[in-house]
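A.B. asks: My structure file target-v8.txt, compact mmCIF, C-alpha atoms, is below:
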```
# COMPACT_ATOMS: atom_id res chain seq x y z
CA MET A 1 0.00 0.00 0.00
CA LYS A 2 2.76 2.36 1.05
CA ARG A 3 4.66 1.57 -2.15
CA SER A 4 1.54 2.39 -4.29
CA ILE A 5 1.15 5.80 -2.61
CA ASN A 6 4.79 6.65 -3.24
CA LEU A 7 4.47 5.68 -6.87
CA LEU A 8 1.40 7.89 -7.24
CA VAL A 9 3.13 10.93 -5.73
CA SER A 10 6.15 10.48 -8.04
CA MET A 11 3.90 10.33 -11.08
CA LEU A 12 2.07 13.52 -10.00
CA VAL A 13 5.38 15.43 -9.57
CA LEU A 14 6.58 14.30 -12.99
CA ALA A 15 3.35 15.39 -14.62
CA THR A 16 3.56 18.83 -12.96
CA MET A 17 7.09 19.31 -14.28
CA LEU A 18 6.09 18.38 -17.82
CA LEU A 19 3.17 20.86 -17.77
CA ALA A 20 5.44 23.73 -16.54
CA ALA A 21 7.93 23.11 -19.35
CA CYS A 22 5.24 23.27 -22.01
CA ALA A 23 3.44 26.43 -20.69
CA PRO A 24 4.11 29.82 -22.43
CA ALA A 25 6.42 32.38 -20.64
CA ALA A 26 4.55 34.77 -18.37
CA THR A 27 4.35 38.46 -19.45
CA PRO A 28 5.98 40.72 -16.80
CA THR A 29 3.73 43.20 -15.08
CA ALA A 30 4.49 46.88 -15.94
CA ALA A 31 6.17 48.85 -13.16
CA PRO A 32 4.04 51.59 -11.63
CA ALA A 33 4.66 55.12 -12.99
CA PRO A 34 6.81 57.35 -10.75
CA ALA A 35 5.03 59.73 -8.47
CA ALA A 36 4.23 63.14 -9.91
CA THR A 37 6.58 64.85 -7.45
CA GLU A 38 9.63 62.94 -8.72
CA PRO A 39 11.24 64.10 -12.01
CA ALA A 40 11.48 61.42 -14.63
CA GLN A 41 14.98 60.00 -14.97
CA ILE A 42 16.25 60.76 -18.50
CA GLU A 43 19.28 58.93 -19.77
CA PRO A 44 21.93 61.33 -21.25
CA THR A 45 22.22 61.21 -24.99
CA ALA A 46 25.43 61.55 -26.95
CA ALA A 47 26.26 65.16 -27.93
CA PRO A 48 26.21 66.00 -31.60
CA ALA A 49 29.60 65.70 -33.24
CA GLU A 50 29.88 69.50 -33.81
CA ALA A 51 29.16 70.31 -30.16
CA THR A 52 31.73 67.80 -28.94
CA GLN A 53 34.38 69.24 -31.24
CA ALA A 54 33.65 72.81 -30.12
CA SER A 55 33.94 71.92 -26.45
CA THR A 56 37.34 70.28 -26.86
CA GLU A 57 38.88 72.60 -29.46
CA PRO A 58 41.55 74.90 -27.87
CA VAL A 59 41.07 78.66 -27.79
CA THR A 60 42.73 80.55 -30.64
CA ILE A 61 43.63 84.21 -30.17
CA ARG A 62 44.45 86.40 -33.16
CA MET A 63 47.02 89.15 -33.34
CA LEU A 64 47.74 91.89 -35.89
CA VAL A 65 51.32 93.09 -35.65
CA ARG A 66 54.31 94.62 -37.44
CA PRO A 67 57.06 92.55 -39.13
CA ASP A 68 58.67 89.93 -36.93
CA GLU A 69 62.27 91.02 -36.40
CA GLY A 70 64.38 88.16 -35.13
CA ASN A 71 61.45 85.73 -35.42
CA VAL A 72 60.67 86.48 -31.78
CA VAL A 73 56.87 86.68 -32.12
CA ALA A 74 56.69 83.41 -34.03
CA ASP A 75 58.99 81.63 -31.58
CA TYR A 76 57.12 82.79 -28.49
CA SER A 77 53.72 82.09 -30.03
CA ALA A 78 54.79 78.46 -30.46
CA LYS A 79 56.20 78.31 -26.92
CA PHE A 80 53.04 79.83 -25.49
CA GLU A 81 50.83 77.26 -27.21
CA GLN A 82 53.04 74.44 -26.01
CA GLU A 83 52.91 75.67 -22.41
CA THR A 84 49.25 76.71 -22.23
CA GLY A 85 47.41 74.95 -25.04
CA ILE A 86 46.18 78.35 -26.29
CA LYS A 87 46.81 78.86 -29.99
CA VAL A 88 48.03 82.17 -31.38
CA ALA A 89 47.32 83.10 -34.99
CA VAL A 90 49.50 86.04 -36.05
CA ASP A 91 49.08 88.27 -39.08
CA PHE A 92 52.26 90.22 -39.89
CA VAL A 93 51.80 93.45 -41.83
CA SER A 94 54.61 95.50 -43.37
CA TRP A 95 55.52 98.87 -41.90
CA ALA A 96 54.36 100.53 -45.10
CA ASP A 97 50.84 99.09 -44.74
CA ILE A 98 50.26 98.58 -41.05
CA THR A 99 48.77 102.00 -40.27
CA ASN A 100 46.09 101.80 -42.96
CA LYS A 101 45.46 98.10 -42.31
CA THR A 102 44.98 98.69 -38.59
CA LEU A 103 42.72 101.71 -38.93
CA THR A 104 40.47 100.16 -41.57
CA THR A 105 40.25 96.88 -39.64
CA LEU A 106 39.31 98.55 -36.38
CA ALA A 107 36.83 100.89 -38.02
CA ALA A 108 35.13 97.85 -39.56
CA GLY A 109 34.65 96.16 -36.18
CA GLY A 110 38.00 94.65 -35.29
CA GLY A 111 38.23 91.88 -37.86
CA GLY A 112 38.09 89.20 -35.17
CA TYR A 113 41.46 90.22 -33.71
CA ASP A 114 42.14 90.00 -30.00
CA ILE A 115 45.52 91.75 -29.88
CA VAL A 116 46.58 94.67 -32.07
CA PHE A 117 50.00 96.30 -32.25
CA MET A 118 49.96 99.98 -31.29
CA PRO A 119 53.05 101.82 -32.63
CA SER A 120 53.77 105.07 -30.83
CA ALA A 121 53.33 107.05 -34.06
CA ASP A 122 49.70 105.87 -34.32
CA ALA A 123 48.88 105.60 -30.62
CA PRO A 124 46.96 108.90 -30.20
CA LYS A 125 44.59 108.21 -33.09
CA LEU A 126 44.13 104.56 -32.09
CA ALA A 127 43.37 105.55 -28.52
CA ALA A 128 40.90 108.18 -29.73
CA GLY A 129 38.95 105.47 -31.58
CA GLY A 130 37.82 103.84 -28.34
CA TRP A 131 38.73 100.37 -29.61
CA PHE A 132 41.04 99.21 -26.83
CA GLU A 133 40.36 97.61 -23.46
CA PRO A 134 41.96 99.28 -20.40
CA ILE A 135 44.63 96.95 -18.99
CA ASP A 136 45.81 98.76 -15.85
CA ASP A 137 45.63 95.47 -13.97
CA MET A 138 48.56 94.19 -16.03
CA ILE A 139 50.91 96.78 -14.50
CA PRO A 140 49.59 97.58 -11.03
CA ASP A 141 51.02 100.54 -9.14
CA SER A 142 53.28 98.23 -7.16
CA GLU A 143 55.06 97.21 -10.39
CA ARG A 144 55.25 100.53 -12.23
CA ALA A 145 58.86 101.08 -11.18
CA ASN A 146 59.86 97.96 -13.11
CA TRP A 147 58.96 99.59 -16.43
CA LEU A 148 60.27 102.60 -18.34
CA GLU A 149 58.18 105.41 -16.92
CA SER A 150 58.09 107.42 -20.15
CA VAL A 151 56.67 104.49 -22.14
CA VAL A 152 54.02 103.57 -19.55
CA LYS A 153 53.02 107.22 -19.35
CA PHE A 154 52.83 107.51 -23.13
CA TYR A 155 50.45 104.55 -23.48
CA THR A 156 48.19 105.88 -20.73
CA PHE A 157 45.25 107.87 -22.08
CA ASP A 158 42.73 109.61 -19.84
CA GLY A 159 44.26 107.78 -16.90
CA LYS A 160 43.91 104.31 -18.47
CA LEU A 161 46.71 102.08 -19.76
CA LEU A 162 45.70 100.94 -23.25
CA ALA A 163 48.80 99.07 -24.43
CA MET A 164 51.42 96.92 -22.76
CA PRO A 165 54.95 98.35 -23.34
CA TRP A 166 56.72 95.94 -25.69
CA TYR A 167 59.89 97.68 -26.88
CA SER A 168 61.41 101.15 -26.93
CA GLY A 169 63.83 103.17 -29.05
CA GLY A 170 64.58 106.58 -30.40
CA ALA A 171 66.69 108.73 -32.68
CA HIS A 172 70.44 108.27 -32.21
CA MET A 173 73.57 109.89 -33.60
CA ALA A 174 76.11 107.36 -34.88
CA TYR A 175 79.51 108.08 -36.39
CA ASN A 176 82.12 106.27 -38.46
CA LYS A 177 85.20 105.90 -36.25
CA ASP A 178 87.62 105.65 -39.18
CA ILE A 179 86.33 108.82 -40.86
CA LEU A 180 86.50 110.91 -37.71
CA ALA A 181 89.96 109.56 -36.94
CA ALA A 182 91.17 110.41 -40.46
CA ALA A 183 89.82 113.95 -40.06
CA GLY A 184 91.23 114.34 -36.56
CA VAL A 185 87.79 114.96 -35.06
CA ASP A 186 87.25 113.97 -31.44
CA PRO A 187 83.65 112.72 -31.13
CA THR A 188 83.47 113.78 -27.47
CA SER A 189 83.94 117.38 -28.57
CA ILE A 190 80.59 117.35 -30.41
CA VAL A 191 78.15 118.66 -27.83
CA THR A 192 76.12 121.25 -29.77
CA TRP A 193 74.83 121.54 -33.32
CA ASP A 194 77.48 124.21 -33.92
CA ASP A 195 80.11 121.63 -32.88
CA PHE A 196 78.53 119.21 -35.33
CA ILE A 197 78.80 121.68 -38.24
CA ASN A 198 82.41 122.45 -37.31
CA ALA A 199 83.16 118.72 -37.42
CA CYS A 200 81.52 118.51 -40.85
CA LYS A 201 83.65 121.39 -42.09
CA THR A 202 86.82 119.64 -40.93
CA ILE A 203 85.77 116.33 -42.50
CA GLN A 204 85.20 118.09 -45.82
CA GLU A 205 88.51 119.95 -45.66
CA LYS A 206 90.39 116.73 -44.91
CA LYS A 207 88.40 114.90 -47.60
CA ALA A 208 87.80 112.13 -45.11
CA ALA A 209 84.35 111.26 -46.52
CA GLU A 210 82.16 112.00 -49.52
CA PHE A 211 79.64 113.72 -47.25
CA CYS A 212 79.46 114.47 -43.58
CA PHE A 213 75.77 113.67 -43.24
CA THR A 214 72.79 112.51 -45.29
CA PRO A 215 69.52 113.76 -43.73
CA SER A 216 66.63 111.41 -44.54
CA ALA A 217 63.69 113.48 -45.77
CA LYS A 218 61.70 111.23 -48.08
CA HIS A 219 58.81 110.19 -45.83
CA PRO A 220 56.81 111.76 -43.00
CA GLY A 221 58.24 109.16 -40.65
CA ASP A 222 61.68 110.69 -41.13
CA PHE A 223 60.48 113.51 -38.88
CA TYR A 224 62.16 111.51 -36.12
CA TYR A 225 65.52 111.49 -37.90
CA ASN A 226 65.53 114.96 -39.37
CA SER A 227 64.11 118.34 -38.43
CA GLY A 228 61.75 116.92 -35.78
CA THR A 229 64.52 115.73 -33.49
CA MET A 230 66.80 118.61 -34.54
CA ILE A 231 64.24 121.23 -33.48
CA PHE A 232 63.42 119.32 -30.31
CA SER A 233 67.10 119.05 -29.38
CA ARG A 234 67.49 122.80 -29.75
CA GLY A 235 64.81 123.26 -27.11
CA GLY A 236 61.93 123.84 -29.50
CA GLN A 237 58.36 122.70 -28.91
CA PHE A 238 55.81 122.11 -31.65
CA PHE A 239 52.33 122.71 -30.20
CA ASP A 240 50.74 124.13 -27.08
CA GLU A 241 48.14 122.28 -25.00
CA SER A 242 45.38 123.23 -27.42
CA GLY A 243 47.35 121.93 -30.41
CA ALA A 244 48.19 125.39 -31.79
CA PRO A 245 51.65 125.61 -33.42
CA VAL A 246 54.36 127.28 -31.34
CA PHE A 247 57.52 126.09 -33.14
CA GLN A 248 57.74 129.44 -34.90
CA ASN A 249 58.38 131.07 -31.54
CA GLY A 250 62.05 131.25 -30.61
CA THR A 251 64.78 130.23 -33.04
CA ALA A 252 64.89 126.41 -32.85
CA ALA A 253 62.90 125.75 -36.07
CA LEU A 254 64.51 128.57 -38.06
CA ASP A 255 68.01 127.53 -36.92
CA THR A 256 67.32 123.93 -37.92
CA PHE A 257 66.11 124.82 -41.41
CA THR A 258 69.04 127.20 -41.81
CA MET A 259 71.48 124.43 -40.85
CA LEU A 260 69.90 122.09 -43.42
CA ALA A 261 70.04 124.73 -46.17
CA ASP A 262 73.63 125.74 -45.40
CA GLY A 263 74.73 122.14 -44.97
CA VAL A 264 73.60 121.31 -48.52
CA LYS A 265 74.95 124.58 -49.94
CA ASN A 266 78.39 124.04 -48.40
CA GLY A 267 78.56 120.42 -49.50
CA TYR A 268 78.49 118.99 -45.99
CA PHE A 269 75.05 117.40 -46.34
CA ASN A 270 74.01 115.10 -49.15
CA LYS A 271 71.12 116.72 -51.03
CA ALA A 272 70.02 113.26 -52.25
CA GLY A 273 68.59 112.75 -48.78
CA THR A 274 65.41 114.48 -49.97
CA ALA A 275 64.59 111.24 -51.79
CA MET A 276 65.99 108.82 -49.19
CA ASP A 277 64.27 107.25 -46.21
CA ASP A 278 65.97 106.22 -42.99
CA TYR A 279 66.78 102.75 -44.34
CA GLU A 280 68.49 104.19 -47.39
CA THR A 281 70.54 106.62 -45.32
CA LEU A 282 71.59 103.65 -43.19
CA ILE A 283 72.93 101.96 -46.31
CA ALA A 284 74.80 105.14 -47.32
CA PHE A 285 76.37 105.30 -43.88
CA GLY A 286 77.08 101.56 -43.82
CA THR A 287 79.04 101.79 -47.08
CA GLY A 288 81.31 104.48 -45.65
CA LYS A 289 79.96 107.40 -47.72
CA THR A 290 78.95 109.54 -44.76
CA ALA A 291 80.56 110.28 -41.40
CA PHE A 292 77.37 110.60 -39.34
CA LEU A 293 73.98 108.90 -39.20
CA LEU A 294 70.90 110.19 -37.39
CA ASP A 295 68.58 107.20 -37.33
CA SER A 296 66.60 104.72 -35.26
CA THR A 297 67.87 102.39 -32.55
CA TRP A 298 67.50 99.52 -34.99
CA ALA A 299 69.44 101.25 -37.76
CA ALA A 300 72.20 102.51 -35.48
CA THR A 301 72.61 98.97 -34.17
CA GLN A 302 72.55 97.30 -37.58
CA ALA A 303 75.32 99.59 -38.78
CA ASN A 304 77.59 98.11 -36.14
CA ARG A 305 76.44 94.47 -36.22
CA ASN A 306 74.90 93.44 -39.52
CA LYS A 307 77.44 92.58 -42.21
CA ASP A 308 74.66 92.23 -44.77
CA LEU A 309 73.83 95.93 -44.38
CA SER A 310 77.13 97.46 -43.32
CA THR A 311 80.78 97.32 -44.31
CA ILE A 312 81.83 99.18 -41.15
CA VAL A 313 80.81 96.61 -38.55
CA ASP A 314 82.61 97.25 -35.25
CA LYS A 315 83.72 100.67 -36.52
CA VAL A 316 80.66 102.62 -35.37
CA GLY A 317 80.51 104.83 -32.29
CA TYR A 318 77.64 106.76 -30.70
CA ILE A 319 77.23 110.20 -29.20
CA LEU A 320 74.22 111.96 -27.75
CA VAL A 321 72.23 113.92 -30.31
CA PRO A 322 73.76 117.43 -30.17
CA GLY A 323 71.89 120.15 -28.30
CA ALA A 324 71.84 123.93 -28.11
CA GLY A 325 71.66 126.52 -25.37
CA ASP A 326 70.48 124.97 -22.12
CA VAL A 327 69.57 121.66 -23.78
CA ARG A 328 72.39 119.12 -23.69
CA SER A 329 70.52 116.65 -25.84
CA ASN A 330 67.06 115.56 -26.86
CA SER A 331 65.63 113.15 -29.39
CA PHE A 332 62.22 111.85 -30.23
CA LEU A 333 61.57 108.43 -28.79
CA TYR A 334 59.34 105.70 -30.15
CA ALA A 335 57.86 102.53 -28.72
CA GLY A 336 55.73 99.55 -29.55
CA GLY A 337 52.75 98.52 -27.45
CA LEU A 338 50.33 95.58 -27.53
CA GLY A 339 46.69 96.40 -26.94
CA ILE A 340 43.65 94.20 -26.43
CA LEU A 341 40.49 95.06 -28.34
CA ASN A 342 37.28 95.54 -26.43
CA THR A 343 35.60 93.35 -29.06
CA SER A 344 37.83 90.39 -28.17
CA GLU A 345 35.99 87.25 -27.09
CA HIS A 346 39.11 85.90 -25.37
CA LYS A 347 40.35 88.82 -23.29
CA GLU A 348 41.87 86.77 -20.47
CA GLU A 349 43.72 84.48 -22.86
CA ALA A 350 44.91 87.53 -24.80
CA LYS A 351 46.21 89.12 -21.60
CA LYS A 352 48.16 85.96 -20.83
CA PHE A 353 49.88 86.05 -24.20
CA VAL A 354 50.60 89.78 -24.03
CA ALA A 355 52.17 89.27 -20.60
CA TYR A 356 54.18 86.37 -22.04
CA LEU A 357 55.44 88.37 -25.03
CA THR A 358 56.43 91.34 -22.87
CA GLY A 359 58.04 89.20 -20.18
CA GLU A 360 61.75 89.40 -19.43
CA ALA A 361 62.74 86.37 -21.52
CA ALA A 362 60.86 87.52 -24.62
CA GLN A 363 61.98 91.14 -24.27
CA LYS A 364 65.57 90.00 -23.91
CA ASP A 365 65.33 88.01 -27.13
CA HIS A 366 63.58 90.92 -28.83
CA ALA A 367 66.43 93.20 -27.83
CA THR A 368 69.26 90.91 -28.92
CA LYS A 369 67.62 89.51 -32.06
CA GLY A 370 65.35 92.37 -33.11
CA ALA A 371 67.67 95.24 -32.08
CA ASN A 372 65.14 97.27 -30.13
CA MET A 373 65.52 98.55 -26.59
CA PRO A 374 63.51 96.78 -23.86
CA THR A 375 60.87 98.44 -21.69
CA ARG A 376 61.67 96.52 -18.51
CA VAL A 377 64.15 98.55 -16.47
CA ALA A 378 66.13 95.52 -15.24
CA LEU A 379 67.05 94.52 -18.80
CA PHE A 380 69.11 97.67 -19.31
CA GLU A 381 71.63 96.06 -16.95
CA ASP A 382 71.45 92.62 -18.57
CA ALA A 383 74.94 91.35 -19.32
CA ASP A 384 73.88 89.36 -22.39
CA ILE A 385 72.19 92.35 -24.02
CA ILE A 386 75.14 94.59 -23.25
CA ALA A 387 77.53 92.03 -24.73
CA ALA A 388 75.41 91.68 -27.87
CA TRP A 389 75.24 95.45 -28.49
CA PRO A 390 78.50 97.36 -28.97
CA GLY A 391 77.84 100.80 -27.50
CA PHE A 392 74.66 99.72 -25.73
CA ALA A 393 75.28 102.06 -22.79
CA ASP A 394 75.63 105.06 -25.12
CA LEU A 395 72.46 104.17 -26.98
CA ALA A 396 70.54 103.59 -23.74
CA ALA A 397 71.69 106.99 -22.45
CA GLN A 398 69.81 108.70 -25.27
CA LEU A 399 66.52 107.34 -23.93
CA SER A 400 67.10 109.43 -20.83
CA ASN A 401 67.54 112.45 -23.08
CA GLY A 402 64.36 112.25 -25.09
CA ASP A 403 60.59 112.18 -25.13
CA PHE A 404 57.73 111.14 -27.37
CA VAL A 405 56.33 113.14 -30.26
CA PRO A 406 53.37 115.45 -29.61
CA ALA A 407 50.27 113.38 -28.88
CA VAL A 408 47.93 114.95 -31.41
CA PRO A 409 45.79 112.64 -33.58
CA TRP A 410 46.64 114.59 -36.73
CA LEU A 411 50.44 114.37 -36.34
CA ASP A 412 50.79 112.19 -39.47
CA GLU A 413 49.31 114.91 -41.65
CA PHE A 414 51.58 117.50 -40.07
CA ARG A 415 54.62 115.28 -40.59
CA THR A 416 53.74 115.00 -44.27
CA SER A 417 53.80 118.78 -44.57
CA GLU A 418 56.98 118.95 -42.50
CA ALA A 419 58.72 116.50 -44.86
CA THR A 420 57.75 118.74 -47.78
CA ALA A 421 59.16 121.78 -45.99
CA VAL A 422 62.48 120.01 -45.38
CA GLN A 423 62.67 118.92 -49.01
CA ASP A 424 61.97 122.47 -50.19
CA VAL A 425 64.69 123.88 -47.94
CA MET A 426 67.27 121.30 -49.02
CA ASN A 427 66.33 121.79 -52.69
CA GLY A 428 66.51 125.57 -52.36
CA THR A 429 62.90 126.20 -53.42
CA LYS A 430 62.05 127.79 -50.06
CA THR A 431 64.16 129.86 -47.73
CA PRO A 432 64.33 128.64 -44.12
CA GLN A 433 61.99 131.47 -43.02
CA GLU A 434 59.53 130.73 -45.83
CA ALA A 435 59.52 127.06 -44.83
CA VAL A 436 58.76 127.91 -41.19
CA ASP A 437 55.96 130.32 -42.16
CA TRP A 438 54.42 127.85 -44.59
CA LEU A 439 54.57 125.07 -42.00
CA VAL A 440 52.74 127.24 -39.46
CA THR A 441 49.97 127.79 -42.01
CA GLU A 442 49.83 124.07 -42.70
CA ALA A 443 49.62 123.23 -38.99
CA ASP A 444 46.68 125.60 -38.53
CA ARG A 445 44.96 124.22 -41.61
CA ILE A 446 45.30 120.62 -40.51
CA ARG A 447 44.28 121.30 -36.93
CA ASN A 448 41.21 123.31 -37.90
CA SER A 449 40.05 120.71 -40.41
CA GLN A 450 39.65 118.01 -37.76
```
Let me see whether you can do it: turn the structure in this file into structure tokens.

C.D. replies:
Amino acid sequence: MKRSINLLVSMLVLATMLLAACAPAATPTAAPAPAATEPAQIEPTAAPAEATQASTEPVTIRMLVRPDEGNVVADYSAKFEQETGIKVAVDFVSWADITNKTLTTLAAGGGGYDIVFMPSADAPKLAAGGWFEPIDDMIPDSERANWLESVVKFYTFDGKLLAMPWYSGGAHMAYNKDILAAAGVDPTSIVTWDDFINACKTIQEKKAAEFCFTPSAKHPGDFYYNSGTMIFSRGGQFFDESGAPVFQNGTAALDTFTMLADGVKNGYFNKAGTAMDDYETLIAFGTGKTAFLLDSTWAATQANRNKDLSTIVDKVGYILVPGAGDVRSNSFLYAGGLGILNTSEHKEEAKKFVAYLTGEAAQKDHATKGANMPTRVALFEDADIIAAWPGFADLAAQLSNGDFVPAVPWLDEFRTSEATAVQDVMNGTKTPQEAVDWLVTEADRIRNSQ
């Protein structure tokens, strides 16, 4: 009996198992919807390809700048990207085109640039356009003493710093050591413009050189290396605070034009300078045709270092630009600044690069490779720069005996008229007094037309 019951139970279990295997799978019951107070959990979806690329693509800042002397800008742009991951796209524009290119670009909205070069010659008009972001935070008061005061002051408009000082320079007087030695002229005896003319007379009498001096008078920019600095170094001023001409007062302008006229007439000065710019007068000096050169920091340096431009390498000396009366010396200075546009979409990144390019390492390279003076005070004592520049101390001394051109937005137009006046005096088509009178009329015309 017991055995029959066990057999029956076993058969029932087996039948149950067979029925379960043959039955269809049960449909799962749907989970209840979340309560209304709980937000639905949404799984993140993959970002579109374009959005992903934009979020990972590095920032690119754009800069408009002058030619790259010494390849310094290109080198430091690459270093900056390597160190920070921020790309720098640089557009180099020739000196002949940069003023027009910059003004038209800014007037049209900035062209997408973040950083724009601000040469001292164009600084007043660029500042007047309202295109640049104040960057006083880049040189706080606690650090002002580390920079050339004159350059920081020049790039400060209405109390706001608009460009970071990049390099400095000015008009310098260089001389050919061999020519002066052959003529028996001691360069240290040339303190005034009268001393300069006496030296020229001696050089002509000894036939030590073809000409004593070739004044560059071809372009308005030669104002720095011709009558502009000559008038300034005689104690003359050009405009009063309202912009009215005052150079006709006193004798500085008349004496300068008289010196130019007499220098050509007596054969001391090369009349061909009326059609020569400062680069061409550098070449004339570098080939030994002239005893003296009044030119830029770059040109004065190249004459003594660059064998491709000069045959008198290591034979060039420097003196302070001669003065007159109570003025020992004066010359017009120039500088380069880097400003950040207020339309920039990457202002902080742009500031980082500007700080990088004006740092001590970059400025040192710019000085030694590009032949421009630094703007950081400490670098004027740098042994490597001093070693690379024969006569560096003499050239640096001129920066302490100079100042920037008048900060009037219409200076370029005035310089164009001034170049014409110099050409007329050297060509003999105007007397020195006629040239001064005509230039006064031109200054009033230009100023009143603004």

A.B. asks: Produce a table with one row for each residue of stretch 304-351 of chain A that has an atom at most 12 Å from any atom of stretch 358-363 of chain A, each row naming the nearest atom pair and its distance in Å at one decimal; use only C-alpha atoms; arrange rows by chain and rising residue number; format as CSV.

C.D. replies:
```
residue,atom,partner,partner_atom,distance
A:Gly336,CA,A:Thr358,CA,10.6
A:Gly337,CA,A:Thr358,CA,9.3
A:Leu338,CA,A:Thr358,CA,8.8
A:Gly339,CA,A:Thr358,CA,11.7
A:Lys351,CA,A:Thr358,CA,10.5
```

A.B. asks: Write to file, as a PDB file, in the frame of the given file, the residues of the selection just made, with C-alpha atoms.

C.D. replies:
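That gives us again_11.pdb:
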```
ATOM      1  CA  GLY A 336      55.730  99.550 -29.550  1.00  0.00           C
ATOM      2  CA  GLY A 337      52.750  98.520 -27.450  1.00  0.00           C
ATOM      3  CA  LEU A 338      50.330  95.580 -27.530  1.00  0.00           C
ATOM      4  CA  GLY A 339      46.690  96.400 -26.940  1.00  0.00           C
ATOM      5  CA  LYS A 351      46.210  89.120 -21.600  1.00  0.00           C
TER       6      LYS A 351
END
```

A.B. asks: So how many Å separate atom CA of A:Arg144 and atom CA of A:Gln398, to one decimal?

C.D. replies: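 Distance reported for this atom pair: 21.2 Å.
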
A.B. asks: Which is closer to A:Ala217 than all the others in A:Ile203, A:Leu180, A:Leu260, A:Ala171, using only C-alpha atoms?

C.D. replies: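 Between A:Ile203, A:Leu180, A:Leu260, A:Ala171, the residue approaching A:Ala217 most closely is A:Leu260.
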
A.B. asks: Which residue is closest to A:Val152? Choose from A:Thr416, A:Thr375, A:Thr214, A:Ser310 and count only C-alpha atoms.

C.D. replies: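 Between A:Thr416, A:Thr375, A:Thr214, A:Ser310, the residue approaching A:Val152 most closely is A:Thr375.
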
A.B. asks: Using Å and a single decimal, report how far atom CA of A:Glu418 sits from atom CA of A:Asp240.

C.D. replies: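 Distance between the two atoms: 17.4 Å.
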
A.B. asks: I need the residue nearest A:Gly184 from this list: A:Arg376, A:His172, A:Lys201, A:Lys369. Use all atoms listed in the file for the distance.

C.D. replies: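 Between A:Arg376, A:His172, A:Lys201, A:Lys369, the residue approaching A:Gly184 most closely is A:Lys201.
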
A.B. asks: Which of these residues is nearest to A:Gly428, using only C-alpha atoms: A:Asn304, A:Ser142, A:Ser449, A:Thr258?

C.D. replies: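 Residue with the minimum atom-to-atom distance to A:Gly428: A:Thr258.
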
A.B. asks: Of the candidates A:Ala128, A:Val354, A:Val316, A:Ile179, which shows the shortest atom-to-atom distance to A:Pro409, using all atoms listed in the file?

C.D. replies: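 Using all atoms listed in the file, A:Pro409 sits closest to A:Ala128.
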
A.B. asks: At what distance in Å, to one decimal, does atom CA of A:Ala393 lie from atom CA of A:Ser168?

C.D. replies: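 Interatomic distance, atom CA of A:Ser168 to atom CA of A:Ala393: 14.5 Å.
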
A.B. asks: Using all atoms listed in the file, can you tell me which of A:Ala209, A:Lys101, A:Gly170, A:Pro322 comes closest to A:Asp195?

C.D. replies: A:Pro322

A.B. asks: If we count only C-alpha atoms, what is near stretch 430-446 of chain A at a cut-off of 6 Å, once residues fewer than 4 positions away on the same chain are taken out, given as number ranges by chain?

C.D. replies: A: 257-258, 421, 424-425

A.B. asks: Quick one: everything within 10 Å of A:Gly250, counting all atoms listed in the file, minus sequence neighbours fewer than 6 positions away in the same chain. Send it as a list in words.

C.D. replies: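 Counting only the stated atoms, we get Gly235, Gly236 and Gln237 of chain A.
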
A.B. asks: So that I can see what lies close to A:Ala127, please list as a JSON list (two decimals) with C-alpha atoms, keeping the file's coordinate frame the residues with an atom at most 12 Å from it, counting all atoms listed in the file and leaving out residues fewer than 2 positions away in the same chain.

C.D. replies:
```
[["chain", "number", "residue", "atom", "x", "y", "z"],
["A", 103, "LEU", "CA", 42.72, 101.71, -38.93],
["A", 106, "LEU", "CA", 39.31, 98.55, -36.38],
["A", 116, "VAL", "CA", 46.58, 94.67, -32.07],
["A", 117, "PHE", "CA", 50.00, 96.30, -32.25],
["A", 118, "MET", "CA", 49.96, 99.98, -31.29],
["A", 119, "PRO", "CA", 53.05, 101.82, -32.63],
["A", 120, "SER", "CA", 53.77, 105.07, -30.83],
["A", 121, "ALA", "CA", 53.33, 107.05, -34.06],
["A", 122, "ASP", "CA", 49.70, 105.87, -34.32],
["A", 123, "ALA", "CA", 48.88, 105.60, -30.62],
["A", 124, "PRO", "CA", 46.96, 108.90, -30.20],
["A", 125, "LYS", "CA", 44.59, 108.21, -33.09],
["A", 129, "GLY", "CA", 38.95, 105.47, -31.58],
["A", 130, "GLY", "CA", 37.82, 103.84, -28.34],
["A", 131, "TRP", "CA", 38.73, 100.37, -29.61],
["A", 132, "PHE", "CA", 41.04, 99.21, -26.83],
["A", 133, "GLU", "CA", 40.36, 97.61, -23.46],
["A", 134, "PRO", "CA", 41.96, 99.28, -20.40],
["A", 154, "PHE", "CA", 52.83, 107.51, -23.13],
["A", 155, "TYR", "CA", 50.45, 104.55, -23.48],
["A", 156, "THR", "CA", 48.19, 105.88, -20.73],
["A", 157, "PHE", "CA", 45.25, 107.87, -22.08],
["A", 158, "ASP", "CA", 42.73, 109.61, -19.84],
["A", 159, "GLY", "CA", 44.26, 107.78, -16.90],
["A", 160, "LYS", "CA", 43.91, 104.31, -18.47],
["A", 161, "LEU", "CA", 46.71, 102.08, -19.76],
["A", 162, "LEU", "CA", 45.70, 100.94, -23.25],
["A", 163, "ALA", "CA", 48.80, 99.07, -24.43],
["A", 337, "GLY", "CA", 52.75, 98.52, -27.45],
["A", 339, "GLY", "CA", 46.69, 96.40, -26.94],
["A", 340, "ILE", "CA", 43.65, 94.20, -26.43],
["A", 341, "LEU", "CA", 40.49, 95.06, -28.34],
["A", 342, "ASN", "CA", 37.28, 95.54, -26.43],
["A", 407, "ALA", "CA", 50.27, 113.38, -28.88],
["A", 408, "VAL", "CA", 47.93, 114.95, -31.41],
["A", 409, "PRO", "CA", 45.79, 112.64, -33.58]]
```
